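First up is the structure itself, then whatever we jot down about it.
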Amino acid sequence: MITLPRLLNSLVLTTSLISLSAIADSTYCPKKFDVLERDKKDGYEFVSKELEKLFCTNKFEGEHFKIVYAREDEAISFDHKDKELVKKAANVYHHLTIARNFWISSVKSDFVGKLPQLVIRLDITNAYSSARHFKNEEQEKNYNNAWSIPEGQTPRFAKEQKKWNKEIWFSPMKKIEARNLVESDGSNPIHESLQVIKDPIVSFNQNRLIFSSVAMLKFNTLNSSSLLDLAIRSAAPIAIMYGLIEVTKHMDHWFMDKYYFVDTAMVPEIIYHEFAHIAMSDTMKTVHSVPVIEGMADYFAARIAERRKMYQKMKNISSNRSKDIKNKTFYHPYLEGAWNATSDFTLSLLWKGKMEFDKANEKRAKKGQAALANYDDLIYNTHFHLDENSDIANDLTGALIKSCEEKCASLRPGINTLQNTFEAKGLN
């Protein structure tokens, strides 16, 4: 017969064991793994690093990140039979920790500090569904990609009710014959350069035709021969320009490697980029790929990576096209298109701003004055004035000025510094 005291003792013992088990499960057990690091020669090497705040479960799960395979719920174990998957899990966990630490310590983001544990899915080929979480693979299958997923839940009428928090997905690498499969849309340097100089050349020759004709009329020198000669000299450059633009539009494959592939879970800058999307997802939805959103994420990824050439190719890991934080391209309306979301214009615009504010802060420091602004804080504050529909020319520039009004120590020099940045990038 079990007496009441024995029952109480048993319950206390059981409760204690459960509590001890819970404590044991939540105790951090750091462990070292080989992770990828860029080296100074634009290559890479694997370095042994200790993963922080791992739970003592022998799995890639910690306080802030849980790394799982594809659609599974359980974290990947350290002794998983797929050693490449283990390598990816360790690499992603390490670089996400670096990214989170940056947002907490440098940006001082309260939003990031309060984020619940993020689920990170590796080698997932499913596309995202806002209603079901995962789309059927028969509808769409993904490779060579990475993207951030918003929190969501299945609709009330669904048979299986399900909720999920924000997640980051990394699809598997696959070699694709890029030259044969990619439809040329003019995303090559020659075509883009011609697009930039097209308007000045066309305007110059149109104005020359008009003003020269008026001058001939004024001085009574206009005749059919001179008019024809003037028309040919003015129209020829315009015709050649449009002809070159049409020809170069179909030359993308000339600037591409034969094969395209990228193991996104192994590229540090891509990991930083995706975490930046999560960090700014309180105002800019992660499911939209537009130049402003991608450029903002690129900027913070570049700050963490401390590299000029972002996403640069790596042997056997990525043939990805790099982005230059100091790209000297001037603004053109075609950069606003969603097809130019992967352009480095917004990144270079924001980085140019950093360079200008660094100069201004240095000058003020020599005079014993306070810094004009913490530029990272200014950029982070800018995202509160943006959303997934924001453009570069109006919304981003306007948001930067509003952010300066809120964050700059001295308004007039701050606005002038931004205006100098805009002018330097062709945003007048």
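Here's how to read the names in the structure tokens: chain A, B, ... by the order shown, residue numbers from 1 in each chain, ligand numbers from 1 in the order shown.
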Spatial neighbours of Ile325 of chain A, max dist 7 Å, only C-alpha atoms, sep filter under 2 positions, as a list in words:
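The residues that qualify are Arg308, Lys309, Lys323, Asn327, Leu347, Ser348 and Trp351 of chain A.
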Counting only C-alpha atoms, what is within 10 Å of Ala424 of chain A, bar same-chain residues fewer than 2 positions away, as a ChimeraX atom specification?
/A:328-331,349,352-353,418-422,426-428
Could I get the residues of segment 92-156 of chain A with an atom no further than 12 Å from an atom of segment 381-389 of chain A, each paired with its nearest atom pair and that distance in Å to one decimal, using only C-alpha atoms, sorted by chain and residue number, as a Markdown table?
| residue | atom | partner | partner_atom | distance |
| --- | --- | --- | --- | --- |
| A:Val107 | CA | A:Asn381 | CA | 9.7 |
| A:Lys108 | CA | A:Asn381 | CA | 11.2 |
| A:Ser109 | CA | A:Asn381 | CA | 10.0 |
| A:Phe111 | CA | A:Phe384 | CA | 11.9 |
Could you write out the selected residues, including N, CA, C and O atoms, as a CSV table (one decimal), in the first residue's frame?
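Contents of the output file again09.csv:
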chain,number,residue,atom,x,y,z
A,107,VAL,N,24.9,46.6,-33.6
A,107,VAL,CA,23.6,47.3,-34.0
A,107,VAL,C,22.8,47.5,-32.8
A,107,VAL,O,21.9,48.4,-32.7
A,108,LYS,N,22.9,46.6,-31.8
A,108,LYS,CA,22.1,46.7,-30.5
A,108,LYS,C,20.6,46.6,-30.8
A,108,LYS,O,19.8,47.4,-30.4
A,109,SER,N,20.3,45.6,-31.6
A,109,SER,CA,18.9,45.4,-32.0
A,109,SER,C,18.1,44.6,-30.9
A,109,SER,O,18.4,43.5,-30.6
A,111,PHE,N,15.0,43.8,-31.3
A,111,PHE,CA,14.2,42.8,-32.1
A,111,PHE,C,15.0,41.5,-32.2
A,111,PHE,O,14.4,40.4,-31.9
Phe204 of chain A: which residues within 9 Å, counting only C-alpha atoms, same-chain residues fewer than 5 positions away excluded, as a list in words?
Asp199, Leu209 and Ser234 of chain A
For those residues, write all heavy atoms to a file as a PDB file, in the first residue's frame.
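That gives us out13.pdb:
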ATOM      1  N   ASP A 199      20.957  57.543 -72.575  1.00  0.00           N
ATOM      2  CA  ASP A 199      20.194  58.794 -72.515  1.00  0.00           C
ATOM      3  C   ASP A 199      21.044  60.033 -72.807  1.00  0.00           C
ATOM      4  O   ASP A 199      20.614  60.891 -73.599  1.00  0.00           O
ATOM      5  CB  ASP A 199      19.513  58.923 -71.146  1.00  0.00           C
ATOM      6  CG  ASP A 199      18.373  57.927 -70.986  1.00  0.00           C
ATOM      7  OD1 ASP A 199      17.933  57.373 -72.016  1.00  0.00           O
ATOM      8  OD2 ASP A 199      17.934  57.691 -69.843  1.00  0.00           O
ATOM      9  N   LEU A 209      20.778  68.233 -83.383  1.00  0.00           N
ATOM     10  CA  LEU A 209      19.967  68.333 -84.596  1.00  0.00           C
ATOM     11  C   LEU A 209      19.045  69.545 -84.540  1.00  0.00           C
ATOM     12  O   LEU A 209      18.912  70.303 -85.506  1.00  0.00           O
ATOM     13  CB  LEU A 209      19.152  67.047 -84.776  1.00  0.00           C
ATOM     14  CG  LEU A 209      18.192  67.008 -85.971  1.00  0.00           C
ATOM     15  CD1 LEU A 209      18.963  67.160 -87.281  1.00  0.00           C
ATOM     16  CD2 LEU A 209      17.406  65.692 -85.979  1.00  0.00           C
ATOM     17  N   SER A 234      23.591  63.202 -86.861  1.00  0.00           N
ATOM     18  CA  SER A 234      22.903  63.168 -85.565  1.00  0.00           C
ATOM     19  C   SER A 234      22.202  61.840 -85.317  1.00  0.00           C
ATOM     20  O   SER A 234      22.183  61.334 -84.184  1.00  0.00           O
ATOM     21  CB  SER A 234      21.876  64.310 -85.494  1.00  0.00           C
ATOM     22  OG  SER A 234      22.495  65.569 -85.638  1.00  0.00           O
TER      23      SER A 234
END
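Neighbours of Asn340 of chain A closer than or equal to 10 Å, with only C-alpha atoms counted and sequence neighbours fewer than 2 positions away skipped, come out as Ser187, Ser289, Val290, Pro291, Glu294, Tyr334, Leu335, Glu336, Gly337, Ala338, Thr342, Ser343, Asp344 and Phe345 of chain A.
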Under the rule that only C-alpha atoms are counted, which of A:Ala231, A:Ile293, A:Leu396, A:Met310 is the nearest residue to Ile270 of chain A?
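So, comparing all the options, the nearest one is A:Met310.
Among the candidates A:Leu96, A:Leu411, A:Ala158, A:Ala341, the one nearest to Val292 of chain A when counting only C-alpha atoms is A:Ala341.
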